[in-house]
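Q: Right, I'll just put the structure down here and ask away after.
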Amino acid sequence: MSWPVIVRNLTKRFGDRTVLDGVSLTIPPGETVALIGPSGSGKSTLLRCLNGLNTFDAGEIQVGPHRLLPGGHSSSGAIAQVRRAFGMIFQDFQLFPHLCARDNITEAPMRVLGFPVQRAHAQAAALLERVGLSSHADAFPQQLSGGQKQRVAIARALAMEPRGLLCDEITSALDPELKTEVLSVLETLKRDGLTLILVTHEIGFARRAADRVVMLCDGRILEEGPPAEILERPKTERMALFLKRVLG
Ligand SMILES: Nc1ncnc2c1ncn2[C@@H]1O[C@H](COP(=O)(O)OP(=O)(O)O)[C@@H](O)[C@H]1O
Ligand SMILES: [Mg+2]
């Protein structure tokens, strides 16, 4: 079961710099949201707030039944539940370099969820198959391509049986072919009904796979809506200019 995510009036400051300025967003369970916007617009900060990795200064975040509060007042229980519910995947994979693909995947379920080794191994085998890497269970990260590493990272996140995934530019470091294999795994997760919040510069992918595109600019939502509307008929000059730049 996926969970909804509701962000109300989220404000985040670093020192005297306001990085998120009253962001409100409601994401129904199972929705795929493409979060786009120029560098420095606050996309990563928003994902990190959603995952309880950043505290925030005002507003509120609700993830399923759990609430994160401003000023570091979230309960540690809520933070732990939110982190567990929404796996986060990064551009640079962050796999454990000393562990093979299988052990990267089994580590958290065994340590955090208390899975016995056999159950964890069976789960890892199923997940490696799901991301098309059955024959790479024993491979170490340095033996894998970027696309394969990213698929192991997705499998590792799925091993915690999340309600959704937060992906921060997870294809940005990959060659075009390898991008495609990672994006097609994301499309299968979408079909399986997982809530996906993706920071991406892949406008073609956003148009095809996202239910909604959210454009962040200077810490505010500039435009949001269905991809066809937002990407084909931008309402603001700023959005049109951004699209022109990313589409080259
Ligand atoms: N830990 C931090 N300390 C101070 N400033 C930060 C920190 N993290 C991000 N910022 C600033 O917040 C702004 C938004 O950053 P970020 O969320 O990473 O943007 P994006 O992911 O859209 O490129 C940037 O100006 C960045 O320099
Ligand atoms: Mg970023």
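In the structure tokens, chains take letters A, B, ... by order of appearance, with residues numbered from 1 within each chain and ligands from 1 in the order shown.
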DSSP on the backbone, then: every residue of stretch 59-159 of chain A marked helix (DSSP H, G or I), written as a PyMOL selection string.
A: chain A and resi 76-85+101-111+117-130+134-136+141-143+146-158
Q: Would you pick out the contacts of A:Ile105 at 10 Å or less, using only C-alpha atoms, so that residues sharing its chain but fewer than 4 positions from it are not included, and give the list as a ChimeraX atom specification?
A: /A:95-96,99-101,109-110,120-121,123-125,127-128,137,152-160
Q: Put those residues in a file: C-alpha atoms, as a compact mmCIF listing (two decimals), in the first residue's frame.
A:
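To be explicit, this is the file written out as part-v9.txt:
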```
# COMPACT_ATOMS: atom_id res chain seq x y z
CA LEU A 95 26.11 1.48 -2.32
CA PHE A 96 28.33 -0.16 0.28
CA LEU A 99 29.43 -5.61 -0.13
CA CYS A 100 28.21 -7.51 -3.20
CA ALA A 101 24.87 -6.63 -4.77
CA PRO A 109 16.21 -5.90 6.14
CA MET A 110 18.40 -8.11 8.33
CA ALA A 120 16.59 -11.82 3.26
CA HIS A 121 18.39 -13.80 0.56
CA GLN A 123 13.89 -11.35 -1.02
CA ALA A 124 17.17 -10.10 -2.55
CA ALA A 125 16.95 -12.72 -5.31
CA LEU A 127 14.37 -7.94 -6.14
CA LEU A 128 17.44 -8.51 -8.31
CA ALA A 137 24.06 -11.05 -7.16
CA VAL A 152 20.95 -2.33 -7.19
CA ALA A 153 20.30 0.90 -5.25
CA ILE A 154 16.63 0.72 -6.29
CA ALA A 155 16.44 -2.95 -5.24
CA ARG A 156 18.06 -2.03 -1.92
CA ALA A 157 15.45 0.67 -1.31
CA LEU A 158 12.63 -1.72 -2.25
CA ALA A 159 13.93 -4.29 0.26
CA MET A 160 12.56 -2.11 3.06
```
Q: What residues of the protein or nucleic acid chains come within 7 Å of ligand 1 when you use only C-alpha atoms and all ligand atoms? Reply as a PDB file with C-alpha atoms, in the first residue's frame.
A:
```
ATOM      1  CA  PHE A  14      19.821  27.936   5.819  1.00  0.00           C
ATOM      2  CA  VAL A  19      15.564  27.933   0.409  1.00  0.00           C
ATOM      3  CA  GLY A  37      13.613  23.262 -11.748  1.00  0.00           C
ATOM      4  CA  PRO A  38      16.909  25.070 -12.074  1.00  0.00           C
ATOM      5  CA  SER A  39      19.936  24.189  -9.986  1.00  0.00           C
ATOM      6  CA  GLY A  40      19.670  25.669  -6.497  1.00  0.00           C
ATOM      7  CA  SER A  41      15.876  25.960  -6.611  1.00  0.00           C
ATOM      8  CA  GLY A  42      15.460  23.721  -3.546  1.00  0.00           C
ATOM      9  CA  LYS A  43      14.596  20.333  -5.103  1.00  0.00           C
ATOM     10  CA  SER A  44      17.055  18.258  -3.071  1.00  0.00           C
ATOM     11  CA  THR A  45      16.216  20.186   0.075  1.00  0.00           C
ATOM     12  CA  LEU A  46      12.519  19.417  -0.432  1.00  0.00           C
TER      13      LEU A  46
END
```
Q: Residues at most 12 Å from A:Arg208, counting only C-alpha atoms, excluding those fewer than 3 positions away in the same chain, as a PyMOL selection string?
A: chain A and resi 32-34+183-184+186-187+190+202-205+211-213+226-228+231
Q: Pick out the closest residue to ligand 2 from this set: A:Arg17, A:Arg151, A:Arg111, A:His201. Count only C-alpha atoms and all ligand atoms.
A: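 Residue with the minimum atom-to-atom distance to ligand 2: A:His201.
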Q: Run DSSP on the backbone and tell me which residues of stretch 5-217 of chain A come out as strand (DSSP E); list them as a VMD selection string.
A: chain A and resid 5 to 14 17 to 27 32 to 36 58 to 63 66 to 68 86 to 90 164 to 168 195 to 199 212 to 217
Q: Which one of A:Val199, A:Ala209, A:Val112, A:Val82 sits closest to ligand 2 if you count only C-alpha atoms and all ligand atoms?
A: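 Residue with the minimum atom-to-atom distance to ligand 2: A:Val199.
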Q: Which of these residues is nearest to A:Thr18, using only C-alpha atoms: A:Gly87, A:Pro4, A:Gly219, A:Gly248?
A: A:Gly219
